[in-house]
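For reference, coords-v5.pdb is printed below; it contains PDB, C-alpha atoms.
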ATOM      1  CA  MET P   1      26.366   1.242   5.942
ATOM      2  CA  ARG P   2      22.628   1.495   6.572
ATOM      3  CA  GLU P   3      21.683   5.095   7.129
ATOM      4  CA  LEU P   4      18.855   7.540   6.500
ATOM      5  CA  VAL P   5      19.721  11.018   5.211
ATOM      6  CA  VAL P   6      16.861  13.461   5.777
ATOM      7  CA  LEU P   7      16.785  15.994   2.943
ATOM      8  CA  GLY P   8      13.573  17.833   3.795
ATOM      9  CA  THR P   9      10.933  17.757   6.516
ATOM     10  CA  SER P  10       8.198  20.302   5.763
ATOM     11  CA  SER P  11       4.644  19.505   4.726
ATOM     12  CA  GLN P  12       2.877  21.410   1.959
ATOM     13  CA  VAL P  13       5.225  24.416   1.801
ATOM     14  CA  PRO P  14       8.921  24.854   2.624
ATOM     15  CA  THR P  15       9.923  27.196   5.443
ATOM     16  CA  ARG P  16      13.107  29.096   6.241
ATOM     17  CA  THR P  17      14.493  26.060   8.059
ATOM     18  CA  ARG P  18      12.679  23.151   6.412
ATOM     19  CA  ASN P  19      12.730  22.111   2.764
ATOM     20  CA  HIS P  20      10.014  20.122   1.039
ATOM     21  CA  ASN P  21      10.164  16.367   1.717
ATOM     22  CA  GLY P  22      13.092  14.219   0.649
ATOM     23  CA  TYR P  23      14.660  11.131   2.237
ATOM     24  CA  PHE P  24      17.619   9.043   1.077
ATOM     25  CA  LEU P  25      18.186   5.563   2.466
ATOM     26  CA  SER P  26      21.613   4.005   2.061
ATOM     27  CA  TRP P  27      21.253   0.259   2.542
ATOM     28  CA  ASP P  28      24.324  -1.770   1.631
ATOM     29  CA  GLY P  29      24.523  -1.357  -2.171
ATOM     30  CA  GLU P  30      21.101   0.251  -2.574
ATOM     31  CA  GLY P  31      20.378   3.975  -2.528
ATOM     32  CA  ILE P  32      16.645   4.665  -2.298
ATOM     33  CA  LEU P  33      15.306   8.190  -2.680
ATOM     34  CA  PHE P  34      11.861   8.637  -1.167
ATOM     35  CA  ASP P  35       9.437  11.471  -2.048
ATOM     36  CA  PRO P  36      11.708  14.057  -3.694
ATOM     37  CA  GLY P  37       9.925  17.360  -3.114
ATOM     38  CA  ASP P  38      10.913  20.705  -4.583
ATOM     39  CA  GLY P  39      14.551  21.566  -3.886
ATOM     40  CA  THR P  40      15.683  17.975  -3.298
ATOM     41  CA  GLN P  41      18.571  18.268  -5.769
ATOM     42  CA  ARG P  42      20.091  21.156  -3.795
ATOM     43  CA  GLN P  43      19.522  19.378  -0.476
ATOM     44  CA  MET P  44      21.369  16.372  -1.852
ATOM     45  CA  SER P  45      24.343  18.601  -2.608
ATOM     46  CA  LEU P  46      24.302  20.019   0.913
ATOM     47  CA  ALA P  47      24.060  16.520   2.391
ATOM     48  CA  GLY P  48      26.783  15.035   0.208
ATOM     49  CA  VAL P  49      24.450  12.621  -1.573
ATOM     50  CA  SER P  50      25.365  12.044  -5.209
ATOM     51  CA  ALA P  51      22.736  11.501  -7.879
ATOM     52  CA  SER P  52      24.775   8.482  -8.926
ATOM     53  CA  ASP P  53      24.119   6.968  -5.489
ATOM     54  CA  ILE P  54      20.427   6.576  -6.332
ATOM     55  CA  THR P  55      19.339   3.121  -7.438
ATOM     56  CA  ARG P  56      15.593   3.497  -6.785
ATOM     57  CA  ILE P  57      13.073   6.299  -6.410
ATOM     58  CA  CYS P  58       9.928   5.667  -4.367
ATOM     59  CA  VAL P  59       7.085   8.178  -4.593
ATOM     60  CA  THR P  60       4.240   7.700  -2.120
ATOM     61  CA  HIS P  61       1.753   9.945  -3.972
ATOM     62  CA  PHE P  62       1.575  12.880  -6.336
ATOM     63  CA  HIS P  63       0.977  15.855  -4.067
ATOM     64  CA  GLY P  64       3.595  18.444  -4.921
ATOM     65  CA  ASP P  65       5.556  18.400  -1.681
ATOM     66  CA  HIS P  66       6.348  14.735  -2.392
ATOM     67  CA  CYS P  67       7.222  14.817  -6.085
ATOM     68  CA  LEU P  68       8.048  18.275  -7.496
ATOM     69  CA  GLY P  69      11.775  17.618  -7.148
ATOM     70  CA  LEU P  70      11.590  14.609  -9.443
ATOM     71  CA  PRO P  71      12.446  16.465 -12.693
ATOM     72  CA  GLY P  72      15.624  17.961 -11.265
ATOM     73  CA  VAL P  73      16.752  14.701  -9.707
ATOM     74  CA  ILE P  74      16.217  12.743 -12.932
ATOM     75  CA  GLN P  75      18.011  15.363 -14.982
ATOM     76  CA  ARG P  76      20.899  15.325 -12.513
ATOM     77  CA  ILE P  77      21.106  11.525 -12.772
ATOM     78  CA  SER P  78      21.390  11.987 -16.529
ATOM     79  CA  LEU P  79      23.926  14.811 -16.276
ATOM     80  CA  ASP P  80      26.115  12.763 -13.953
ATOM     81  CA  ASN P  81      25.959   9.735 -16.275
ATOM     82  CA  ALA P  82      24.848   7.330 -13.552
ATOM     83  CA  PRO P  83      26.326   3.952 -14.526
ATOM     84  CA  HIS P  84      23.279   1.897 -13.570
ATOM     85  CA  PRO P  85      19.517   1.860 -14.195
ATOM     86  CA  VAL P  86      17.219   3.549 -11.678
ATOM     87  CA  THR P  87      13.795   2.065 -10.974
ATOM     88  CA  ALA P  88      10.974   4.510 -10.172
ATOM     89  CA  HIS P  89       8.089   3.187  -8.061
ATOM     90  CA  PHE P  90       4.876   5.219  -7.808
ATOM     91  CA  PRO P  91       1.071   4.754  -7.700
ATOM     92  CA  ALA P  92      -0.155   3.490 -11.063
ATOM     93  CA  SER P  93      -3.088   5.922 -11.033
ATOM     94  CA  GLY P  94      -0.566   8.779 -11.084
ATOM     95  CA  ARG P  95       1.211   7.625 -14.254
ATOM     96  CA  GLU P  96       0.126  10.812 -16.077
ATOM     97  CA  PHE P  97       1.788  12.968 -13.425
ATOM     98  CA  TYR P  98       4.923  10.817 -13.428
ATOM     99  CA  ASP P  99       5.232  11.164 -17.206
ATOM    100  CA  ARG P 100       4.849  14.934 -16.986
ATOM    101  CA  LEU P 101       7.505  15.204 -14.288
ATOM    102  CA  ARG P 102       9.824  12.793 -16.095
ATOM    103  CA  ASN P 103       9.720  15.030 -19.187
ATOM    104  CA  ALA P 104       9.173  18.417 -17.552
ATOM    105  CA  SER P 105      11.736  20.269 -19.666
ATOM    106  CA  VAL P 106      14.229  19.877 -22.472
ATOM    107  CA  PHE P 107      17.446  18.123 -21.431
ATOM    108  CA  TYR P 108      19.945  15.609 -22.728
ATOM    109  CA  ASP P 109      18.195  12.457 -21.548
ATOM    110  CA  ALA P 110      20.829   9.800 -20.993
ATOM    111  CA  ALA P 111      19.400   8.351 -17.777
ATOM    112  CA  ASP P 112      18.092   4.801 -17.702
ATOM    113  CA  ILE P 113      14.990   5.402 -15.571
ATOM    114  CA  ARG P 114      12.672   2.406 -15.448
ATOM    115  CA  PRO P 115       9.105   3.146 -14.323
ATOM    116  CA  ASP P 116       7.447   0.505 -12.174
ATOM    117  CA  PRO P 117       3.919   1.670 -11.265
ATOM    118  CA  ILE P 118       2.183   0.118  -8.248
ATOM    119  CA  ALA P 119      -1.415  -1.033  -8.543
ATOM    120  CA  ASP P 120      -1.869  -3.071  -5.360
ATOM    121  CA  ASP P 121      -0.309  -4.157  -2.079
ATOM    122  CA  GLY P 122       2.623  -6.532  -2.280
ATOM    123  CA  PHE P 123       6.293  -6.976  -3.051
ATOM    124  CA  ILE P 124       7.615  -4.648  -5.745
ATOM    125  CA  ALA P 125      11.265  -5.704  -5.746
ATOM    126  CA  THR P 126      13.220  -8.629  -4.339
ATOM    127  CA  SER P 127      16.798  -9.826  -4.154
ATOM    128  CA  PRO P 128      18.491 -12.692  -2.308
ATOM    129  CA  LYS P 129      19.264 -10.276   0.541
ATOM    130  CA  TRP P 130      16.122  -8.091   0.859
ATOM    131  CA  SER P 131      12.608  -7.374  -0.341
ATOM    132  CA  LEU P 132      10.791  -4.086  -0.945
ATOM    133  CA  GLU P 133       7.067  -3.997  -0.239
ATOM    134  CA  ALA P 134       4.345  -1.401  -0.861
ATOM    135  CA  ARG P 135       1.119  -0.981   1.122
ATOM    136  CA  ARG P 136      -1.856   1.234   0.392
ATOM    137  CA  LEU P 137      -2.455   4.146   2.787
ATOM    138  CA  ASP P 138      -5.460   6.428   3.410
ATOM    139  CA  HIS P 139      -4.957   9.970   2.135
ATOM    140  CA  GLY P 140      -7.786  10.739  -0.277
ATOM    141  CA  ILE P 141      -5.683  10.052  -3.372
ATOM    142  CA  ASP P 142      -3.811   6.844  -4.143
ATOM    143  CA  THR P 143      -0.918   6.695  -1.693
ATOM    144  CA  TYR P 144       1.486   3.887  -0.849
ATOM    145  CA  GLY P 145       3.977   3.424   1.958
ATOM    146  CA  TYR P 146       7.109   1.333   1.608
ATOM    147  CA  ARG P 147       8.937  -1.253   3.664
ATOM    148  CA  LEU P 148      12.412  -2.716   3.106
ATOM    149  CA  VAL P 149      13.022  -6.065   4.825
ATOM    150  CA  GLU P 150      16.336  -7.870   4.993
ATOM    151  CA  ALA P 151      16.142 -11.630   4.500
ATOM    152  CA  ASP P 152      16.361 -13.611   7.727
ATOM    153  CA  GLY P 153      19.722 -15.201   8.379
ATOM    154  CA  ARG P 154      21.639 -16.961  11.105
ATOM    155  CA  ARG P 155      24.155 -15.730  13.681
ATOM    156  CA  MET P 156      27.156 -17.908  14.410
ATOM    157  CA  VAL P 157      27.671 -18.783  18.090
ATOM    158  CA  PRO P 158      31.407 -18.940  18.924
ATOM    159  CA  GLU P 159      30.923 -21.480  21.728
ATOM    160  CA  LEU P 160      28.999 -23.852  19.436
ATOM    161  CA  LEU P 161      31.628 -23.463  16.706
ATOM    162  CA  ARG P 162      34.314 -24.487  19.212
ATOM    163  CA  GLN P 163      32.270 -27.437  20.446
ATOM    164  CA  HIS P 164      31.941 -28.763  16.893
ATOM    165  CA  GLY P 165      35.547 -28.018  15.951
ATOM    166  CA  VAL P 166      34.698 -25.522  13.222
ATOM    167  CA  SER P 167      37.255 -22.745  12.740
ATOM    168  CA  GLY P 168      39.156 -20.725  10.166
ATOM    169  CA  PRO P 169      38.096 -21.083   6.497
ATOM    170  CA  ALA P 170      35.604 -23.798   7.471
ATOM    171  CA  VAL P 171      33.385 -21.114   9.036
ATOM    172  CA  GLY P 172      33.078 -19.343   5.704
ATOM    173  CA  SER P 173      32.374 -22.617   3.917
ATOM    174  CA  LEU P 174      29.658 -23.408   6.444
ATOM    175  CA  GLN P 175      28.027 -20.009   5.970
ATOM    176  CA  ARG P 176      28.148 -20.405   2.210
ATOM    177  CA  ASP P 177      27.138 -24.078   1.840
ATOM    178  CA  GLY P 178      25.129 -24.771   4.996
ATOM    179  CA  VAL P 179      27.200 -27.827   5.915
ATOM    180  CA  VAL P 180      30.886 -28.637   6.360
ATOM    181  CA  THR P 181      32.823 -31.805   7.130
ATOM    182  CA  VAL P 182      35.053 -31.756  10.231
ATOM    183  CA  ASP P 183      37.077 -34.881  11.131
ATOM    184  CA  GLY P 184      34.708 -36.994   9.057
ATOM    185  CA  ARG P 185      31.609 -35.518  10.709
ATOM    186  CA  ALA P 186      29.006 -33.387   8.920
ATOM    187  CA  VAL P 187      28.318 -30.177  10.822
ATOM    188  CA  THR P 188      25.257 -28.192   9.738
ATOM    189  CA  ILE P 189      24.852 -24.480  10.101
ATOM    190  CA  GLU P 190      21.826 -25.032  12.348
ATOM    191  CA  ALA P 191      24.069 -26.827  14.860
ATOM    192  CA  VAL P 192      26.370 -23.849  15.403
ATOM    193  CA  SER P 193      24.105 -20.840  14.940
ATOM    194  CA  VAL P 194      20.819 -19.248  15.987
ATOM    195  CA  PRO P 195      18.205 -17.498  13.836
ATOM    196  CA  ARG P 196      18.888 -13.837  13.081
ATOM    197  CA  PRO P 197      15.826 -11.830  12.015
ATOM    198  CA  GLY P 198      16.458  -9.459   9.129
ATOM    199  CA  GLN P 199      16.437  -5.737   9.771
ATOM    200  CA  ARG P 200      13.412  -3.692   8.706
ATOM    201  CA  PHE P 201      12.912  -0.127   7.505
ATOM    202  CA  ALA P 202       9.476   1.450   7.014
ATOM    203  CA  PHE P 203       8.423   4.684   5.323
ATOM    204  CA  VAL P 204       4.916   6.052   5.998
ATOM    205  CA  MET P 205       3.755   9.382   4.619
ATOM    206  CA  ASP P 206       0.454  11.282   4.348
ATOM    207  CA  THR P 207      -2.190   9.009   5.767
ATOM    208  CA  ARG P 208      -4.832   8.551   8.401
ATOM    209  CA  LEU P 209      -4.499   5.523  10.659
ATOM    210  CA  CYS P 210      -5.290   2.430   8.597
ATOM    211  CA  GLU P 211      -4.302  -1.204   8.231
ATOM    212  CA  GLY P 212      -1.434  -0.321   5.908
ATOM    213  CA  VAL P 213       0.249   1.875   8.516
ATOM    214  CA  PHE P 214       0.471  -0.969  11.025
ATOM    215  CA  ALA P 215       1.513  -3.531   8.406
ATOM    216  CA  LEU P 216       4.406  -1.344   7.294
ATOM    217  CA  ALA P 217       5.544  -0.455  10.820
ATOM    218  CA  ALA P 218       5.425  -3.998  12.236
ATOM    219  CA  GLY P 219       8.790  -4.846  13.783
ATOM    220  CA  ALA P 220      10.599  -1.950  12.098
ATOM    221  CA  ASP P 221      14.091  -1.185  13.339
ATOM    222  CA  LEU P 222      13.683   2.293  11.841
ATOM    223  CA  LEU P 223      10.279   3.854  11.122
ATOM    224  CA  VAL P 224      10.067   7.156   9.233
ATOM    225  CA  ILE P 225       6.531   8.440   9.650
ATOM    226  CA  GLU P 226       4.666  11.655   9.084
ATOM    227  CA  SER P 227       3.473  13.596  12.124
ATOM    228  CA  THR P 228       2.025  16.650  10.447
ATOM    229  CA  TYR P 229       0.014  17.728  13.493
ATOM    230  CA  LEU P 230       0.001  17.572  17.266
ATOM    231  CA  ASP P 231      -2.810  15.813  19.099
ATOM    232  CA  VAL P 232      -4.480  19.118  19.893
ATOM    233  CA  ASP P 233      -5.214  19.377  16.156
ATOM    234  CA  ALA P 234      -6.320  15.767  15.691
ATOM    235  CA  GLY P 235      -9.492  16.970  14.000
ATOM    236  CA  LEU P 236      -7.470  18.726  11.305
ATOM    237  CA  ALA P 237      -5.286  15.640  10.884
ATOM    238  CA  ALA P 238      -8.308  13.420  10.277
ATOM    239  CA  ALA P 239      -9.936  15.915   7.921
ATOM    240  CA  HIS P 240      -6.796  16.304   5.791
ATOM    241  CA  GLY P 241      -5.636  12.683   5.838
ATOM    242  CA  HIS P 242      -2.695  12.983   8.200
ATOM    243  CA  LEU P 243      -1.320  11.719  11.507
ATOM    244  CA  THR P 244      -0.461  13.436  14.762
ATOM    245  CA  ALA P 245       2.787  12.889  16.662
ATOM    246  CA  GLY P 246       0.818  11.030  19.323
ATOM    247  CA  GLN P 247      -0.754   8.716  16.776
ATOM    248  CA  ALA P 248       2.618   8.012  15.144
ATOM    249  CA  ALA P 249       4.111   7.198  18.544
ATOM    250  CA  ARG P 250       1.255   4.859  19.426
ATOM    251  CA  VAL P 251       1.807   3.029  16.135
ATOM    252  CA  ALA P 252       5.500   2.675  16.983
ATOM    253  CA  ALA P 253       4.731   1.357  20.468
ATOM    254  CA  GLU P 254       2.136  -1.140  19.266
ATOM    255  CA  CYS P 255       4.320  -2.386  16.387
ATOM    256  CA  GLY P 256       7.552  -2.882  18.338
ATOM    257  CA  VAL P 257       9.513  -0.174  16.521
ATOM    258  CA  ARG P 258      13.030   0.512  17.795
ATOM    259  CA  THR P 259      13.770   4.005  16.422
ATOM    260  CA  LEU P 260      10.971   6.419  15.496
ATOM    261  CA  VAL P 261      11.687   9.294  13.090
ATOM    262  CA  LEU P 262       8.974  11.970  13.037
ATOM    263  CA  THR P 263       8.786  14.289  10.027
ATOM    264  CA  HIS P 264       6.502  16.166   7.572
ATOM    265  CA  PHE P 265       5.644  18.951   9.997
ATOM    266  CA  SER P 266       2.996  21.602   9.459
ATOM    267  CA  GLN P 267       4.388  25.125   9.332
ATOM    268  CA  ARG P 268       1.869  26.131  12.013
ATOM    269  CA  TYR P 269       4.240  24.822  14.707
ATOM    270  CA  ASP P 270       7.464  26.617  15.573
ATOM    271  CA  ASP P 271       8.661  24.442  18.487
ATOM    272  CA  PRO P 272       9.799  20.965  17.392
ATOM    273  CA  THR P 273      10.303  19.835  21.007
ATOM    274  CA  ARG P 274       6.527  19.582  21.325
ATOM    275  CA  PHE P 275       6.549  16.667  18.880
ATOM    276  CA  ALA P 276       9.179  14.813  20.910
ATOM    277  CA  GLU P 277       7.309  15.434  24.151
ATOM    278  CA  GLU P 278       4.036  14.216  22.698
ATOM    279  CA  ALA P 279       5.632  11.095  21.194
ATOM    280  CA  ALA P 280       7.409  10.230  24.463
ATOM    281  CA  LYS P 281       4.056   9.893  26.223
ATOM    282  CA  ALA P 282       3.232   6.815  24.145
ATOM    283  CA  PHE P 283       6.603   5.447  22.971
ATOM    284  CA  ASP P 284       9.617   4.695  25.164
ATOM    285  CA  GLY P 285      12.077   3.943  22.343
ATOM    286  CA  GLU P 286      14.375   6.372  20.580
ATOM    287  CA  VAL P 287      12.521   9.336  19.066
ATOM    288  CA  VAL P 288      14.130  11.546  16.409
ATOM    289  CA  VAL P 289      12.354  14.773  15.490
ATOM    290  CA  ALA P 290      13.850  15.112  12.035
ATOM    291  CA  GLU P 291      15.639  18.251  10.922
ATOM    292  CA  ASP P 292      16.856  18.899   7.392
ATOM    293  CA  LEU P 293      20.193  17.190   6.707
ATOM    294  CA  THR P 294      19.864  14.933   9.772
ATOM    295  CA  ARG P 295      21.519  11.537   9.461
ATOM    296  CA  VAL P 296      20.004   8.582  11.306
ATOM    297  CA  ARG P 297      21.733   5.215  11.464
ATOM    298  CA  VAL P 298      19.658   2.068  11.282
ATOM    299  CA  PRO P 299      19.982   0.683  14.840
ATOM    300  CA  ALA P 300      22.588  -2.018  15.419
ATOM    301  CA  ARG P 301      21.244  -5.535  15.483
ATOM    302  CA  ARG P 302      19.797  -6.803  18.703
ATOM    303  CA  PRO P 303      22.289  -8.992  20.589
TER     304      PRO P 303
END
Once more with this new file: its structure as structure tokens, please.
Amino acid sequence: MRELVVLGTSSQVPTRTRNHNGYFLSWDGEGILFDPGDGTQRQMSLAGVSASDITRICVTHFHGDHCLGLPGVIQRISLDNAPHPVTAHFPASGREFYDRLRNASVFYDAADIRPDPIADDGFIATSPKWSLEARRLDHGIDTYGYRLVEADGRRMVPELLRQHGVSGPAVGSLQRDGVVTVDGRAVTIEAVSVPRPGQRFAFVMDTRLCEGVFALAAGADLLVIESTYLDVDAGLAAAHGHLTAGQAARVAAECGVRTLVLTHFSQRYDDPTRFAEEAAKAFDGEVVVAEDLTRVRVPARRP
């Protein structure tokens, strides 16, 4: 399953209905926790997300609403005896703050947490099936957004398989080896399939519009992006290093995003429908105005 669990959606301070930030992405065997703000451990319990599900933690920057939940999450990983290492990605310039949060109190430290500070744009983790990339954003302090990209593959075409006489176990062999012999003929995977672009997930927090925003959002099937303000307060957004809902929607439209998730809302607004209405003026895809404990599926592949 590929699914986003929204744990918190408030910027700067929590409200009665919105916790500090927190986002958990379930992607096949990976469980990536983004920006665990204060109270994330409790939100995980309410959402049914286990600390042992976490395989990576990605912190965009070290403002409190994006990182103050880190001590509790790490201690819970230790308490639950997570059976695997957990890699923590964060801006290298914030290493001092990471170390303080990592050791914020006395506890039985059995967790295998492996820090991996980020010093520049580029890939920070790769596997045969996906890659994780970080890009610098514009927020006044070192801030990085993240992008998870599935490796491109190929989609089998039933009609072409029939034409070439490939069926049953031979299909699996072809997918595994790239070629199979049928009645003395070599049939390549290219002959019976078409390219299948990998799915893409992007996470953009606390930033003005900049090159990194567009690079992360390009072609995303699911884009999670801050929309702290409405366009009427665009001046405040620029001054404080944030985006408006309209700006986020224009990014999504320009970058070919399929599903847009707006979050990180200022407590000055009490009507979330205004964010959806503003976004719909610029983006005609699916818009989700995130609420705490919302679950959002990564869209099904294009036909």
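In this structure, atom CA of Glu278 of chain P sits 21.2 Å away from atom CA of Val6 of chain P.
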Contacts of segment 124-171 of chain P with segment 206-221 of chain P up to 9 Å, shortest pair per row, all atoms listed in the file, as a Markdown table:
| residue | atom | partner | partner_atom | distance |
| --- | --- | --- | --- | --- |
| P:Glu133 | CA | P:Leu216 | CA | 8.4 |
| P:Ala134 | CA | P:Leu216 | CA | 8.2 |
| P:Arg135 | CA | P:Gly212 | CA | 5.5 |
| P:Arg136 | CA | P:Gly212 | CA | 5.7 |
| P:Leu137 | CA | P:Gly212 | CA | 5.5 |
| P:Asp138 | CA | P:Thr207 | CA | 4.8 |
| P:His139 | CA | P:Thr207 | CA | 4.7 |
| P:Gly140 | CA | P:Thr207 | CA | 8.4 |
| P:Thr143 | CA | P:Asp206 | CA | 7.7 |
| P:Tyr144 | CA | P:Gly212 | CA | 8.5 |
| P:Gly145 | CA | P:Leu216 | CA | 7.2 |
| P:Tyr146 | CA | P:Leu216 | CA | 6.8 |
| P:Arg147 | CA | P:Leu216 | CA | 5.8 |
| P:Val149 | CA | P:Ala220 | CA | 8.7 |
Got a sec: who's within 12 Å of segment 172-187 of chain P, counting all atoms listed in the file, leaving out chain neighbours fewer than 2 positions off, as a compact mmCIF listing (two decimals) with C-alpha atoms, in the frame of the given file?
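This is the output file around.txt:
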# COMPACT_ATOMS: atom_id res chain seq x y z
CA GLY P 153 19.72 -15.20 8.38
CA ARG P 154 21.64 -16.96 11.10
CA ARG P 155 24.16 -15.73 13.68
CA MET P 156 27.16 -17.91 14.41
CA LEU P 160 29.00 -23.85 19.44
CA LEU P 161 31.63 -23.46 16.71
CA ARG P 162 34.31 -24.49 19.21
CA GLN P 163 32.27 -27.44 20.45
CA HIS P 164 31.94 -28.76 16.89
CA GLY P 165 35.55 -28.02 15.95
CA VAL P 166 34.70 -25.52 13.22
CA SER P 167 37.26 -22.74 12.74
CA GLY P 168 39.16 -20.72 10.17
CA PRO P 169 38.10 -21.08 6.50
CA ALA P 170 35.60 -23.80 7.47
CA ILE P 189 24.85 -24.48 10.10
CA GLU P 190 21.83 -25.03 12.35
CA ALA P 191 24.07 -26.83 14.86
CA VAL P 192 26.37 -23.85 15.40
CA SER P 193 24.10 -20.84 14.94
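Considering the residues P:Val232, P:Leu222, P:Val204, P:Ala249 and counting all atoms listed in the file, His264 of chain P has its shortest atom-to-atom contact with P:Val204.
Take atom CA of Arg16 of chain P and atom CA of Gly241 of chain P: the distance between them is 24.9 Å.
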Carefully work through the PyMOL selection byres ((chain P and resi 109) around 12) for this structure and note down the residues it includes, as a PDB file with C-alpha atoms, keeping the file's coordinate frame.
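File written: result-v4.pdb
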ATOM      1  CA  PRO P  71      12.446  16.465 -12.693  1.00  0.00           C
ATOM      2  CA  GLY P  72      15.624  17.961 -11.265  1.00  0.00           C
ATOM      3  CA  ILE P  74      16.217  12.743 -12.932  1.00  0.00           C
ATOM      4  CA  GLN P  75      18.011  15.363 -14.982  1.00  0.00           C
ATOM      5  CA  ARG P  76      20.899  15.325 -12.513  1.00  0.00           C
ATOM      6  CA  ILE P  77      21.106  11.525 -12.772  1.00  0.00           C
ATOM      7  CA  SER P  78      21.390  11.987 -16.529  1.00  0.00           C
ATOM      8  CA  LEU P  79      23.926  14.811 -16.276  1.00  0.00           C
ATOM      9  CA  ASP P  80      26.115  12.763 -13.953  1.00  0.00           C
ATOM     10  CA  ASN P  81      25.959   9.735 -16.275  1.00  0.00           C
ATOM     11  CA  ALA P  82      24.848   7.330 -13.552  1.00  0.00           C
ATOM     12  CA  ARG P 102       9.824  12.793 -16.095  1.00  0.00           C
ATOM     13  CA  ASN P 103       9.720  15.030 -19.187  1.00  0.00           C
ATOM     14  CA  ALA P 104       9.173  18.417 -17.552  1.00  0.00           C
ATOM     15  CA  SER P 105      11.736  20.269 -19.666  1.00  0.00           C
ATOM     16  CA  VAL P 106      14.229  19.877 -22.472  1.00  0.00           C
ATOM     17  CA  PHE P 107      17.446  18.123 -21.431  1.00  0.00           C
ATOM     18  CA  TYR P 108      19.945  15.609 -22.728  1.00  0.00           C
ATOM     19  CA  ALA P 110      20.829   9.800 -20.993  1.00  0.00           C
ATOM     20  CA  ALA P 111      19.400   8.351 -17.777  1.00  0.00           C
ATOM     21  CA  ASP P 112      18.092   4.801 -17.702  1.00  0.00           C
ATOM     22  CA  ILE P 113      14.990   5.402 -15.571  1.00  0.00           C
TER      23      ILE P 113
END
Using all atoms listed in the file, the residue out of P:Met205, P:Val251, P:Ala234, P:Ile54 with shortest distance to Thr263 of chain P is P:Met205
Might I get the box with edges along x, y and z of the file that holds all atoms of segment 161-171 of chain P listed there, padded by 3 Å on every side, given as centre and edge lengths in Å to one decimal, as JSON?
{"center_x": 35.4, "center_y": -24.7, "center_z": 13.5, "size_x": 13.5, "size_y": 14.0, "size_z": 19.9}
Counting all atoms listed in the file, what is within 6 Å of Lys129 of chain P, bar same-chain residues fewer than 2 positions away, as an mmCIF file with C-alpha atoms, keeping the file's coordinate frame?
data_model
loop_
_atom_site.group_PDB
_atom_site.id
_atom_site.type_symbol
_atom_site.label_atom_id
_atom_site.label_comp_id
_atom_site.auth_asym_id
_atom_site.auth_seq_id
_atom_site.Cartn_x
_atom_site.Cartn_y
_atom_site.Cartn_z
ATOM 1 C CA SER P 127 16.798 -9.826 -4.154
ATOM 2 C CA GLU P 150 16.336 -7.870 4.993
ATOM 3 C CA ALA P 151 16.142 -11.630 4.500
#
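Of the listed residues (P:Ile118, P:Leu223, P:Leu68, P:Val59), P:Leu68 comes nearest to Asp38 of chain P; the distances count all atoms listed in the file.
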Polymer residues at most 7 Å from (17.2, 18.0, 2.9) by only C-alpha atoms, as a VMD selection string
chain P and resid 6 to 8 19 22 40 43 to 44 292 to 293
Show which residues sit within 12 Å of Cys58 of chain P, as a CSV table (one decimal) with C-alpha atoms, keeping the file's coordinate frame. Count all atoms listed in the file, and ignore same-chain residues fewer than 4 positions away.
chain,number,residue,atom,x,y,z
P,22,GLY,CA,13.1,14.2,0.6
P,23,TYR,CA,14.7,11.1,2.2
P,24,PHE,CA,17.6,9.0,1.1
P,25,LEU,CA,18.2,5.6,2.5
P,31,GLY,CA,20.4,4.0,-2.5
P,32,ILE,CA,16.6,4.7,-2.3
P,33,LEU,CA,15.3,8.2,-2.7
P,34,PHE,CA,11.9,8.6,-1.2
P,35,ASP,CA,9.4,11.5,-2.0
P,36,PRO,CA,11.7,14.1,-3.7
P,37,GLY,CA,9.9,17.4,-3.1
P,54,ILE,CA,20.4,6.6,-6.3
P,62,PHE,CA,1.6,12.9,-6.3
P,66,HIS,CA,6.3,14.7,-2.4
P,67,CYS,CA,7.2,14.8,-6.1
P,70,LEU,CA,11.6,14.6,-9.4
P,86,VAL,CA,17.2,3.5,-11.7
P,87,THR,CA,13.8,2.1,-11.0
P,88,ALA,CA,11.0,4.5,-10.2
P,89,HIS,CA,8.1,3.2,-8.1
P,90,PHE,CA,4.9,5.2,-7.8
P,91,PRO,CA,1.1,4.8,-7.7
P,98,TYR,CA,4.9,10.8,-13.4
P,114,ARG,CA,12.7,2.4,-15.4
P,115,PRO,CA,9.1,3.1,-14.3
P,116,ASP,CA,7.4,0.5,-12.2
P,117,PRO,CA,3.9,1.7,-11.3
P,118,ILE,CA,2.2,0.1,-8.2
P,124,ILE,CA,7.6,-4.6,-5.7
P,125,ALA,CA,11.3,-5.7,-5.7
P,132,LEU,CA,10.8,-4.1,-0.9
P,133,GLU,CA,7.1,-4.0,-0.2
P,134,ALA,CA,4.3,-1.4,-0.9
P,143,THR,CA,-0.9,6.7,-1.7
P,144,TYR,CA,1.5,3.9,-0.8
P,145,GLY,CA,4.0,3.4,2.0
P,146,TYR,CA,7.1,1.3,1.6
P,147,ARG,CA,8.9,-1.3,3.7
P,148,LEU,CA,12.4,-2.7,3.1
P,203,PHE,CA,8.4,4.7,5.3
P,204,VAL,CA,4.9,6.1,6.0
P,205,MET,CA,3.8,9.4,4.6
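Using all atoms listed in the file, the smallest distance between any of P:Thr126, P:Val298, P:Gly64, P:Asp233 and Ser26 of chain P comes from P:Val298.
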In Å and to one decimal, atom CA of Arg56 of chain P is distant from atom CA of Leu243 of chain P by 26.2 Å
What lies within 10 Å of Phe283 of chain P using all atoms listed in the file, ignoring chain neighbours under 3 positions off, as a VMD selection string?
chain P and resid 246 248 to 254 256 to 260 276 278 to 280 286 to 287
